[in-house]
Amino acid sequence: MSVLIGASCVAISNCAGATEITTPAEYAYITDFDTGKVLFQKNAEMQMKPASMAKIMTVFIAFERIREGGLSLNDKFQVSEKAWRKGGSRSFLEVGSMVTVNDLLHGIVVQSGNDAAIVIAEGISGTEESFAEEMNFWAQKLGMENTVFRNSTGWPDPELTTTAKDLNILSSALISRFPIDEYPDLYPMFKKKRFEYNGIDQPNRNPLVYGTVGADGLKTGHTKESGYGVVGSAIRDEQRVVMVLNGMTSMKQRSAESRRLMDLTFREFKKYRFFEANETVDVANVWLGKVPNVDLVIAQPLHRVLSRDERRHLKMSVNWIDPVSAPIIKGQKLAVLTIEGKSNSEKIDLLAANDVDELGVFERLGAALKYLIFGADAGTVVAN
């Protein structure tokens, strides 16, 4: 039995072509968070400088210590002279003062404070150099194969390097490892628009948090050698996108391009929920069973992130030998769901939704005799 349950583009008279995604950013890597599907990439594995986007790893390690219980947001670290003297973006910490981890993290996330990042590094590992070793440990553990950290801030260093793909891996890990329902005070700090410390109020440098629907992170970066970059994430209709852009020419371009690409990605790619776990996909006739048919169900949810063009070309069909002979055991593989796209296909097993006992001996003889005399029951579907 073969049943078509999808429609291909050939059946639609007005099939527009796929939207072409381009960007002036030198490096780009955009993914769907839940599936990891790559939605767009450009020079994604080429070496680049992360600038302050390296601070995402600094925050990740602090979050991890909080998750393990060795650190709390109320703990305090002392501001060293090294941290106080550091140039670039600052949280304006006073040398020798004791600052809570909560304020330091907000200083890093919202204000991109180099001083706050160094204080966190020294507070956790003793020295910034030791902290960089832990950063590299986590980079390898997370699968960031082309990243080397040399400091907690992203300050220029000849050996400091990463890729757009690696920063996406890091950011996705941070979001998944510290879910908001378990750690409501951690990741949500990325979407705060302002933070005031020591009487100085500073805005979040991430342009996405100002008006981009669903945006809740993560971090910008800029040095002369890196250009302007941003790691962004947004969630709409239960679909999260993680985006890394770098190598842009100005703050204005970074702002406009990050917003444009985030909106374009959500317009072009949607999460389609075709079937939920244990949902009936089709119904098979049963031969010599105590009930005439059995539901064919899918074990896991069938959700796919597809571009509009991919969705138009998608075709699904269910194949099985009809009728299915009793007895049938719940969970028994009875059919195959085939999903065909423009460039790939996959097959998923469909299972019996319930047990079906076979008829007794005399009932089977009667049913077989009836079949020989009258043919198939009226309800039996003839195979294509």
# chains A, B, ... in the order shown; residues from 1 in each chain; ligands from 1
call {"tool": "residues_around", "arguments": {"residues": "Thr58 in chain A", "least_positions_apart": "4", "cutoff": "12 Å", "atoms": "only C-alpha atoms", "output": "ChimeraX atom specification"}}
result
/A:52-54,62-65,104-105,108-109,112-114,116-125,128,131-136,138-139,149-154,170-171,174,219
call {"tool": "write_last_selection", "arguments": {"atoms": "N, CA and C atoms", "output": "CSV table (one decimal), in the first residue's frame"}}
result
chain,number,residue,atom,x,y,z
A,52,SER,N,35.3,41.3,21.5
A,52,SER,CA,34.5,41.1,22.8
A,52,SER,C,33.6,39.9,22.7
A,53,MET,N,33.3,39.4,21.6
A,53,MET,CA,32.5,38.2,21.5
A,53,MET,C,33.1,37.0,22.3
A,54,ALA,N,34.4,37.1,22.5
A,54,ALA,CA,35.1,36.1,23.3
A,54,ALA,C,34.6,36.1,24.8
A,62,ALA,N,31.6,31.3,34.1
A,62,ALA,CA,30.9,31.8,35.4
A,62,ALA,C,29.6,31.1,35.6
A,63,PHE,N,28.8,31.0,34.5
A,63,PHE,CA,27.5,30.4,34.7
A,63,PHE,C,27.7,28.9,35.1
A,64,GLU,N,28.7,28.3,34.5
A,64,GLU,CA,28.9,26.9,34.8
A,64,GLU,C,29.3,26.7,36.3
A,65,ARG,N,30.1,27.6,36.8
A,65,ARG,CA,30.5,27.5,38.3
A,65,ARG,C,29.2,27.8,39.1
A,104,LEU,N,29.2,42.1,38.2
A,104,LEU,CA,30.3,41.8,37.2
A,104,LEU,C,29.7,41.2,35.9
A,105,LEU,N,28.8,40.2,36.1
A,105,LEU,CA,28.3,39.6,34.9
A,105,LEU,C,27.4,40.6,34.1
A,108,ILE,N,29.8,42.7,32.1
A,108,ILE,CA,30.3,42.0,30.9
A,108,ILE,C,29.3,42.0,29.8
A,109,VAL,N,28.1,41.5,30.2
A,109,VAL,CA,27.0,41.2,29.2
A,109,VAL,C,26.5,42.5,28.6
A,112,SER,N,29.8,45.3,28.3
A,112,SER,CA,31.0,44.7,27.6
A,112,SER,C,32.3,45.2,28.4
A,113,GLY,N,32.2,45.3,29.7
A,113,GLY,CA,33.3,45.8,30.5
A,113,GLY,C,34.5,44.9,30.5
A,114,ASN,N,35.6,45.3,30.0
A,114,ASN,CA,36.9,44.6,30.1
A,114,ASN,C,37.3,44.4,31.5
A,116,ALA,N,35.4,44.2,34.2
A,116,ALA,CA,34.5,43.2,34.8
A,116,ALA,C,35.0,41.8,34.4
A,117,ALA,N,35.3,41.6,33.1
A,117,ALA,CA,35.7,40.3,32.6
A,117,ALA,C,37.0,39.9,33.3
A,118,ILE,N,38.0,40.8,33.5
A,118,ILE,CA,39.2,40.4,34.2
A,118,ILE,C,39.0,40.1,35.6
A,119,VAL,N,38.1,40.8,36.3
A,119,VAL,CA,37.8,40.5,37.7
A,119,VAL,C,37.2,39.1,37.8
A,120,ILE,N,36.3,38.8,37.0
A,120,ILE,CA,35.7,37.5,37.0
A,120,ILE,C,36.7,36.4,36.7
A,121,ALA,N,37.6,36.6,35.8
A,121,ALA,CA,38.7,35.7,35.5
A,121,ALA,C,39.6,35.4,36.7
A,122,GLU,N,40.0,36.5,37.3
A,122,GLU,CA,40.9,36.4,38.4
A,122,GLU,C,40.2,35.8,39.6
A,123,GLY,N,38.9,36.2,39.8
A,123,GLY,CA,38.2,35.6,40.9
A,123,GLY,C,38.0,34.1,40.8
A,124,ILE,N,37.8,33.6,39.6
A,124,ILE,CA,37.6,32.2,39.4
A,124,ILE,C,38.9,31.4,39.4
A,125,SER,N,39.9,31.9,38.7
A,125,SER,CA,41.1,31.1,38.4
A,125,SER,C,42.4,31.7,39.0
A,128,GLU,N,44.3,35.8,35.1
A,128,GLU,CA,43.7,35.8,33.8
A,128,GLU,C,44.3,34.7,32.9
A,131,PHE,N,42.8,31.5,33.7
A,131,PHE,CA,41.4,31.4,33.3
A,131,PHE,C,41.4,31.2,31.8
A,132,ALA,N,42.3,31.7,31.0
A,132,ALA,CA,42.4,31.4,29.6
A,132,ALA,C,42.6,29.9,29.3
A,133,GLU,N,43.3,29.3,30.2
A,133,GLU,CA,43.5,27.8,30.0
A,133,GLU,C,42.1,27.1,30.2
A,134,GLU,N,41.4,27.6,31.1
A,134,GLU,CA,40.0,27.0,31.3
A,134,GLU,C,39.1,27.3,30.1
A,135,MET,N,39.2,28.5,29.6
A,135,MET,CA,38.5,28.8,28.4
A,135,MET,C,38.8,27.8,27.3
A,136,ASN,N,40.1,27.5,27.1
A,136,ASN,CA,40.5,26.6,26.0
A,136,ASN,C,40.0,25.2,26.3
A,138,TRP,N,37.2,24.4,27.9
A,138,TRP,CA,35.8,24.3,27.5
A,138,TRP,C,35.6,24.4,26.0
A,139,ALA,N,36.5,25.2,25.3
A,139,ALA,CA,36.3,25.2,23.9
A,139,ALA,C,36.5,23.9,23.2
A,149,PHE,N,41.8,30.8,22.9
A,149,PHE,CA,41.6,32.0,23.7
A,149,PHE,C,42.9,32.3,24.4
A,150,ARG,N,43.2,33.6,24.6
A,150,ARG,CA,44.4,34.0,25.3
A,150,ARG,C,44.1,35.0,26.4
A,151,ASN,N,42.8,35.4,26.5
A,151,ASN,CA,42.4,36.3,27.6
A,151,ASN,C,40.9,36.3,27.8
A,152,SER,N,40.4,36.9,28.8
A,152,SER,CA,39.0,36.8,29.2
A,152,SER,C,38.2,37.9,28.5
A,153,THR,N,38.8,38.8,27.7
A,153,THR,CA,38.1,40.0,27.2
A,153,THR,C,38.0,40.0,25.7
A,154,GLY,N,38.9,39.2,25.0
A,154,GLY,CA,38.9,39.3,23.5
A,154,GLY,C,39.9,40.4,23.1
A,170,LEU,N,29.4,27.7,20.8
A,170,LEU,CA,29.5,28.2,22.1
A,170,LEU,C,28.2,28.8,22.6
A,171,SER,N,27.6,29.7,21.8
A,171,SER,CA,26.4,30.4,22.1
A,171,SER,C,25.2,29.4,22.3
A,174,LEU,N,25.6,27.6,25.5
A,174,LEU,CA,25.2,28.5,26.7
A,174,LEU,C,23.7,28.5,26.9
A,219,LYS,N,25.9,39.1,22.2
A,219,LYS,CA,27.1,39.9,22.4
A,219,LYS,C,27.6,40.5,21.2
call {"tool": "residues_around", "arguments": {"residues": "Val297 in chain A", "least_positions_apart": "5", "cutoff": "8 Å", "atoms": "only C-alpha atoms", "output": "JSON, numbers by chain"}}
result
{"A": [277, 278, 279, 280, 281, 282, 350, 351, 352, 353]}
call {"tool": "write_last_selection", "arguments": {"atoms": "C-alpha atoms", "output": "PDB file, in the first residue's frame"}}
result
ATOM      1  CA  ALA A 277       4.857  11.543  19.006  1.00  0.00           C
ATOM      2  CA  ASN A 278       2.384   8.642  18.854  1.00  0.00           C
ATOM      3  CA  GLU A 279       0.144  10.509  16.419  1.00  0.00           C
ATOM      4  CA  THR A 280      -1.675   8.435  13.794  1.00  0.00           C
ATOM      5  CA  VAL A 281      -0.165   8.889  10.335  1.00  0.00           C
ATOM      6  CA  ASP A 282      -2.371   6.377   8.524  1.00  0.00           C
ATOM      7  CA  LEU A 350       5.629   3.561  11.545  1.00  0.00           C
ATOM      8  CA  LEU A 351       4.450   1.338  14.358  1.00  0.00           C
ATOM      9  CA  ALA A 352       1.285  -0.419  15.419  1.00  0.00           C
ATOM     10  CA  ALA A 353      -0.653   1.728  17.863  1.00  0.00           C
TER      11      ALA A 353
END
call {"tool": "select_by_dssp", "arguments": {"residues": "range 121-160 of chain A", "states": "alpha helix (DSSP H)", "output": "VMD selection string"}}
result
chain A and resid 121 to 125 128 to 142
call {"tool": "closest_residue", "arguments": {"among": "A:Leu245, A:Ile21, A:Leu359, A:Ala164", "to": "Val286 in chain A", "atoms": "only C-alpha atoms"}}
result
A:Leu359
call {"tool": "closest_residue", "arguments": {"among": "A:Phe137, A:Phe269, A:Trp287, A:Tyr197", "to": "Phe92 in chain A", "atoms": "only C-alpha atoms"}}
result
A:Tyr197
call {"tool": "residues_around", "arguments": {"residues": "Asp237 in chain A", "least_positions_apart": "2", "cutoff": "10 Å", "atoms": "only C-alpha atoms", "output": "list in words"}}
result
Gly214, Ile235, Gln239, Arg240, Phe266, Lys270 and Lys271 of chain A
call {"tool": "residues_around", "arguments": {"residues": "Tyr187 in chain A", "least_positions_apart": "2", "cutoff": "9 Å", "atoms": "only C-alpha atoms", "output": "compact mmCIF listing (two decimals) with N, CA, C and O atoms, in the first residue's frame"}}
result
# COMPACT_ATOMS: atom_id res chain seq x y z
N PHE A 63 28.78 31.04 34.54
CA PHE A 63 27.48 30.36 34.66
C PHE A 63 27.69 28.90 35.09
O PHE A 63 26.92 28.37 35.90
N LEU A 174 25.60 27.65 25.55
CA LEU A 174 25.24 28.49 26.69
C LEU A 174 23.72 28.54 26.86
O LEU A 174 23.21 28.42 27.98
N ILE A 175 23.01 28.69 25.77
CA ILE A 175 21.55 28.77 25.85
C ILE A 175 20.95 27.45 26.33
O ILE A 175 20.03 27.44 27.16
N PHE A 178 21.96 26.38 30.23
CA PHE A 178 21.42 27.17 31.35
C PHE A 178 20.01 27.64 31.00
O PHE A 178 19.77 28.84 30.78
N PRO A 179 19.06 26.69 30.93
CA PRO A 179 17.69 27.05 30.53
C PRO A 179 17.06 28.03 31.50
O PRO A 179 17.31 27.99 32.72
N ILE A 180 16.23 28.89 30.95
CA ILE A 180 15.66 29.98 31.74
C ILE A 180 14.78 29.47 32.88
O ILE A 180 14.76 30.05 33.97
N TYR A 183 17.38 28.48 35.52
CA TYR A 183 18.29 29.56 35.94
C TYR A 183 17.74 30.90 35.44
O TYR A 183 18.28 31.51 34.53
N PRO A 184 16.66 31.36 36.06
CA PRO A 184 15.98 32.57 35.58
C PRO A 184 16.81 33.85 35.70
O PRO A 184 16.46 34.86 35.08
N ASP A 185 17.90 33.81 36.47
CA ASP A 185 18.71 35.01 36.66
C ASP A 185 19.95 35.04 35.77
O ASP A 185 20.73 36.00 35.85
N MET A 189 19.82 37.98 31.49
CA MET A 189 20.55 39.25 31.60
C MET A 189 21.06 39.73 30.23
O MET A 189 21.33 40.91 30.04
N PHE A 190 21.14 38.82 29.25
CA PHE A 190 21.61 39.20 27.92
C PHE A 190 20.66 40.15 27.19
O PHE A 190 21.08 40.85 26.29
N LYS A 191 19.40 40.15 27.54
CA LYS A 191 18.45 40.99 26.83
C LYS A 191 18.16 42.31 27.54
O LYS A 191 17.34 43.10 27.07
N ASP A 216 16.92 38.07 22.38
CA ASP A 216 17.26 38.02 23.80
C ASP A 216 18.76 37.83 24.04
O ASP A 216 19.17 37.42 25.11
N GLY A 217 19.60 38.08 23.05
CA GLY A 217 21.04 37.97 23.24
C GLY A 217 21.76 38.16 21.92
O GLY A 217 21.12 38.37 20.89
N LEU A 218 23.08 38.14 21.90
CA LEU A 218 23.94 37.80 23.01
C LEU A 218 25.05 38.85 23.20
O LEU A 218 25.18 39.42 24.25
call {"tool": "closest_atom_pairs", "arguments": {"of": "range 276-302 of chain A", "to": "range 330-349 of chain A", "cutoff": "10 Å", "atoms": "only C-alpha atoms", "output": "Markdown table"}}
result
| residue | atom | partner | partner_atom | distance |
| --- | --- | --- | --- | --- |
| A:Val281 | CA | A:Leu337 | CA | 8.7 |
| A:Asp282 | CA | A:Ala335 | CA | 9.4 |
| A:Ala284 | CA | A:Leu334 | CA | 8.7 |
| A:Val294 | CA | A:Lys330 | CA | 9.7 |
| A:Asp295 | CA | A:Leu334 | CA | 9.8 |
| A:Leu296 | CA | A:Leu334 | CA | 7.3 |
| A:Val297 | CA | A:Gly331 | CA | 8.7 |
| A:Ile298 | CA | A:Asp349 | CA | 7.0 |
| A:Ala299 | CA | A:Asp349 | CA | 8.1 |
| A:Gln300 | CA | A:Ile348 | CA | 9.5 |
| A:Leu302 | CA | A:Ile348 | CA | 9.4 |
call {"tool": "write_last_selection", "arguments": {"atoms": "N, CA, C and O atoms", "output": "PDB file, in the first residue's frame"}}
result
ATOM      1  N   VAL A 281      -0.536   8.398  11.660  1.00  0.00           N
ATOM      2  CA  VAL A 281      -0.165   8.889  10.335  1.00  0.00           C
ATOM      3  C   VAL A 281      -1.091   8.300   9.280  1.00  0.00           C
ATOM      4  O   VAL A 281      -1.484   8.972   8.334  1.00  0.00           O
ATOM      5  N   ASP A 282      -1.460   7.034   9.449  1.00  0.00           N
ATOM      6  CA  ASP A 282      -2.371   6.377   8.524  1.00  0.00           C
ATOM      7  C   ASP A 282      -3.005   5.178   9.227  1.00  0.00           C
ATOM      8  O   ASP A 282      -2.694   4.896  10.395  1.00  0.00           O
ATOM      9  N   ALA A 284      -4.043   0.992   8.649  1.00  0.00           N
ATOM     10  CA  ALA A 284      -3.863  -0.204   7.824  1.00  0.00           C
ATOM     11  C   ALA A 284      -4.993  -1.193   8.083  1.00  0.00           C
ATOM     12  O   ALA A 284      -5.487  -1.324   9.212  1.00  0.00           O
ATOM     13  N   VAL A 294      -5.780  -1.142  12.054  1.00  0.00           N
ATOM     14  CA  VAL A 294      -4.875  -0.716  13.117  1.00  0.00           C
ATOM     15  C   VAL A 294      -4.240   0.614  12.706  1.00  0.00           C
ATOM     16  O   VAL A 294      -3.906   0.827  11.542  1.00  0.00           O
ATOM     17  N   ASP A 295      -4.113   1.506  13.682  1.00  0.00           N
ATOM     18  CA  ASP A 295      -3.484   2.790  13.413  1.00  0.00           C
ATOM     19  C   ASP A 295      -1.976   2.630  13.266  1.00  0.00           C
ATOM     20  O   ASP A 295      -1.339   1.866  14.018  1.00  0.00           O
ATOM     21  N   LEU A 296      -1.408   3.382  12.330  1.00  0.00           N
ATOM     22  CA  LEU A 296       0.038   3.440  12.139  1.00  0.00           C
ATOM     23  C   LEU A 296       0.525   4.745  12.757  1.00  0.00           C
ATOM     24  O   LEU A 296       0.129   5.828  12.327  1.00  0.00           O
ATOM     25  N   VAL A 297       1.378   4.648  13.781  1.00  0.00           N
ATOM     26  CA  VAL A 297       1.792   5.834  14.517  1.00  0.00           C
ATOM     27  C   VAL A 297       3.300   6.041  14.397  1.00  0.00           C
ATOM     28  O   VAL A 297       4.055   5.106  14.104  1.00  0.00           O
ATOM     29  N   ILE A 298       3.706   7.270  14.642  1.00  0.00           N
ATOM     30  CA  ILE A 298       5.115   7.636  14.602  1.00  0.00           C
ATOM     31  C   ILE A 298       5.625   7.755  16.033  1.00  0.00           C
ATOM     32  O   ILE A 298       4.942   8.299  16.897  1.00  0.00           O
ATOM     33  N   ALA A 299       6.809   7.204  16.306  1.00  0.00           N
ATOM     34  CA  ALA A 299       7.294   7.140  17.688  1.00  0.00           C
ATOM     35  C   ALA A 299       7.766   8.489  18.207  1.00  0.00           C
ATOM     36  O   ALA A 299       7.533   8.839  19.365  1.00  0.00           O
ATOM     37  N   GLN A 300       8.431   9.263  17.355  1.00  0.00           N
ATOM     38  CA  GLN A 300       8.981  10.547  17.762  1.00  0.00           C
ATOM     39  C   GLN A 300       8.305  11.672  16.987  1.00  0.00           C
ATOM     40  O   GLN A 300       7.804  11.455  15.890  1.00  0.00           O
ATOM     41  N   LEU A 302       7.656  14.510  14.450  1.00  0.00           N
ATOM     42  CA  LEU A 302       8.222  14.814  13.137  1.00  0.00           C
ATOM     43  C   LEU A 302       8.090  16.319  12.915  1.00  0.00           C
ATOM     44  O   LEU A 302       7.080  16.813  12.427  1.00  0.00           O
TER      45      LEU A 302
END
call {"tool": "residues_around", "arguments": {"residues": "Phe33 in chain A", "least_positions_apart": "5", "cutoff": "7 Å", "atoms": "only C-alpha atoms", "output": "list in words"}}
result
Ser172, Arg240, Val241 and Val242 of chain A
call {"tool": "write_last_selection", "arguments": {"atoms": "N, CA and C atoms", "output": "short mmCIF file (atom, residue, chain, number, x, y, z; two decimals), in the first residue's frame"}}
result
data_model
loop_
_atom_site.label_atom_id
_atom_site.label_comp_id
_atom_site.auth_asym_id
_atom_site.auth_seq_id
_atom_site.Cartn_x
_atom_site.Cartn_y
_atom_site.Cartn_z
N SER A 172 25.15 28.48 21.38
CA SER A 172 24.08 27.48 21.47
C SER A 172 24.23 26.65 22.74
N ARG A 240 13.89 29.01 17.75
CA ARG A 240 15.01 29.88 18.08
C ARG A 240 16.07 29.82 16.98
N VAL A 241 16.59 30.98 16.65
CA VAL A 241 17.67 31.11 15.67
C VAL A 241 18.89 31.69 16.38
N VAL A 242 20.06 31.13 16.08
CA VAL A 242 21.32 31.64 16.62
C VAL A 242 22.16 32.12 15.44
#
call {"tool": "select_by_dssp", "arguments": {"residues": "range 14-216 of chain A", "states": "strand (DSSP E)", "output": "PyMOL selection string"}}
result
chain A and resi 27-32+38-42+76-78+98-100+194-197+200-203+215-216
call {"tool": "atom_distance", "arguments": {"atom1": "CA of Ser233 in chain A", "atom2": "CA of Thr212 in chain A"}}
result
10.1 Å
